[in-house]
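Down below is the structure, laid out as structure tokens.
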Amino acid sequence: ESDQDYRLVVADHGTNDRNMKLKIYKGTKISYENTLIEVPTALCTFFMDNNQPHMPAIAVASGAYLYVYRNQRPYFKFTLPPLEVLPREKELWQQAAKKELTAYQLQTQLQQLMHEEGEPRLTTRSQKLLSMDAFVDIDADPDSVRGDGGSRQMTDFVRSTASGSLRRHTVVTCLDTMKKTGDGTDSVSCVVIGTESAQVFVLDPEAFTILQDFKLPSPPCVLHS
């Protein structure tokens with residue numbers, strides 16, 4: 001509300017990745033509440049324009065997305081640009097799709113690629129396969145082993161995902177704002193996003209297009225402008 005009063009804005013993590021909510025308090029009472037799809041990692045408020053009534057928007061970072069709320073309603077969802085997939089990783093999954101590699105062979109090759117390039121350079125699909133046990137206790141579950149020695153879980157996972165296109169996304173680690181016009185407390189500001197892939201993006205506050213992007217030596221955990 002445009003009543004010149006302050007509000008407390010909270011991005012609630014919930015419990016065990018459940019009941020994540022955006023909450024706005026007026027005094028000690030909740031005046032607004034909205035469910036978040038993923039665990040929030042950062043939050044900021046900013047003025048998008050000079051329209052009246054002059055009220056700030058709220059930006060909540062969650063995973064690879066930035067959710068913008070205006071007038072206590074969902075307004076815009078910004079998605080971080082996808083990252084480049086390693087050519088070798090793409091080639092290995094294509095071979096698996098053609099059944100030129102077994103699930104166990106694919107996992108072995110991906111492990112080697114991970115050691116060469118680092119786990120963050122791999123897609124979430126490859127990271128999930130690498131987290132699976134290649135071998136299981138045959139005595140405990142004889143049906144869980146495939147003929148190639150890999151687990152049934154691995155084989156079923158590769159079979160169901162290998163033909164799909166590989167996508168590699170990063171996640172937001174921190175947020176800040178940077179004045180675009182003027183230096184007043186209610187001046188129009190750009191949202192600045194730091195990511196796990198060591199990138200920083202400056203967004204236009206109205207069109208939500210990327211005005212500038214920068215590469216850092218390592219992922220930022222805090223931004224201050």
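By convention here, the chains of the structure tokens are called A, B, ... in the order presented, each chain's residues are numbered starting at 1, and ligands are numbered starting at 1 in the order presented.
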All residues 7 Å or closer to A:Val171, only C-alpha atoms, same chain fewer than 6 positions away omitted, as a PyMOL selection string: chain A and resi 63-64+195-196
Atom CA of A:Asp204 to atom CA of A:Thr124, distance in Å rounded to a single decimal: 29.0 Å
Which residue of A:Pro82, A:Pro87, A:Lys98, A:Glu206 approaches A:Val188 most closely, using only C-alpha atoms: A:Glu206
Atom-to-atom span, atom CA of A:Arg18 and atom CA of A:Asn34, Å: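 It comes out at 13.1 Å.
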Picked from stretch 91-194 of chain A by DSSP as alpha helix (DSSP H), as number ranges by chain: A: 91-97, 103-117, 124-130, 152-161
Atom CA of A:Pro217 to atom CA of A:Ser197, straight-line distance in Å: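 So the answer is 9.6 Å.
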Residue neighbourhood A:Thr108, 12 Å, only C-alpha atoms, exclusion window fewer than 2 positions, as a compact mmCIF listing (two decimals) with N, CA and C atoms, in the first residue's frame:
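What ended up in result-v1.txt:
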# COMPACT_ATOMS: atom_id res chain seq x y z
N GLU A 89 30.61 -33.88 -23.38
CA GLU A 89 29.47 -34.39 -22.62
C GLU A 89 28.30 -34.66 -23.56
N LEU A 92 28.92 -37.87 -25.50
CA LEU A 92 28.75 -39.09 -24.71
C LEU A 92 27.28 -39.46 -24.58
N LEU A 101 27.05 -46.84 -25.92
CA LEU A 101 27.62 -46.89 -24.57
C LEU A 101 26.57 -47.43 -23.61
N THR A 102 26.99 -48.29 -22.68
CA THR A 102 26.09 -48.72 -21.63
C THR A 102 26.03 -47.64 -20.56
N ALA A 103 25.10 -47.78 -19.64
CA ALA A 103 24.97 -46.80 -18.57
C ALA A 103 26.26 -46.75 -17.74
N TYR A 104 26.83 -47.91 -17.48
CA TYR A 104 28.06 -47.95 -16.69
C TYR A 104 29.22 -47.30 -17.44
N GLN A 105 29.32 -47.56 -18.75
CA GLN A 105 30.38 -46.95 -19.55
C GLN A 105 30.19 -45.44 -19.62
N LEU A 106 28.94 -45.00 -19.75
CA LEU A 106 28.66 -43.57 -19.78
C LEU A 106 29.07 -42.91 -18.46
N LEU A 110 31.90 -40.02 -17.97
CA LEU A 110 31.52 -38.75 -17.36
C LEU A 110 32.36 -38.45 -16.13
N GLN A 111 32.73 -39.50 -15.39
CA GLN A 111 33.61 -39.30 -14.23
C GLN A 111 34.96 -38.75 -14.67
N GLN A 112 35.47 -39.28 -15.77
CA GLN A 112 36.74 -38.79 -16.30
C GLN A 112 36.62 -37.33 -16.75
N LEU A 113 35.50 -37.02 -17.40
CA LEU A 113 35.26 -35.64 -17.84
C LEU A 113 35.12 -34.70 -16.65
N MET A 114 34.49 -35.17 -15.59
CA MET A 114 34.33 -34.36 -14.39
C MET A 114 35.69 -34.02 -13.77
N HIS A 115 36.59 -34.99 -13.75
CA HIS A 115 37.92 -34.76 -13.20
C HIS A 115 38.70 -33.75 -14.05
N SER A 126 23.94 -35.16 -16.01
CA SER A 126 25.17 -35.92 -15.81
C SER A 126 25.52 -36.01 -14.33
N LEU A 129 23.46 -38.73 -12.78
CA LEU A 129 23.95 -40.07 -13.11
C LEU A 129 25.20 -40.40 -12.30
N LEU A 130 26.07 -39.42 -12.14
CA LEU A 130 27.31 -39.65 -11.38
C LEU A 130 27.03 -39.92 -9.90
N SER A 131 25.89 -39.46 -9.40
CA SER A 131 25.55 -39.68 -7.99
C SER A 131 24.97 -41.07 -7.73
N MET A 132 24.67 -41.80 -8.79
CA MET A 132 24.06 -43.13 -8.64
C MET A 132 25.13 -44.20 -8.42
N ASP A 133 24.77 -45.22 -7.66
CA ASP A 133 25.68 -46.33 -7.42
C ASP A 133 25.77 -47.21 -8.66
N ALA A 134 27.01 -47.45 -9.10
CA ALA A 134 27.20 -48.30 -10.28
C ALA A 134 26.94 -49.76 -9.96
N GLY A 150 26.14 -52.39 -14.34
CA GLY A 150 25.57 -51.18 -13.77
C GLY A 150 24.25 -51.48 -13.10
N MET A 154 20.52 -46.90 -12.80
CA MET A 154 21.32 -46.18 -13.78
C MET A 154 20.82 -46.43 -15.20
Close residues, A:Pro220 itself excluded, 8 Å, only C-alpha atoms, min 3 positions apart in chain, as a ChimeraX atom specification: /A:173-174,194-196,198,216,223
Best match for closeness to A:Lys179 among A:Val202, A:Leu22, A:Pro219, A:Val85, counting only C-alpha atoms: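 So, comparing all the options, the nearest one is A:Val202.
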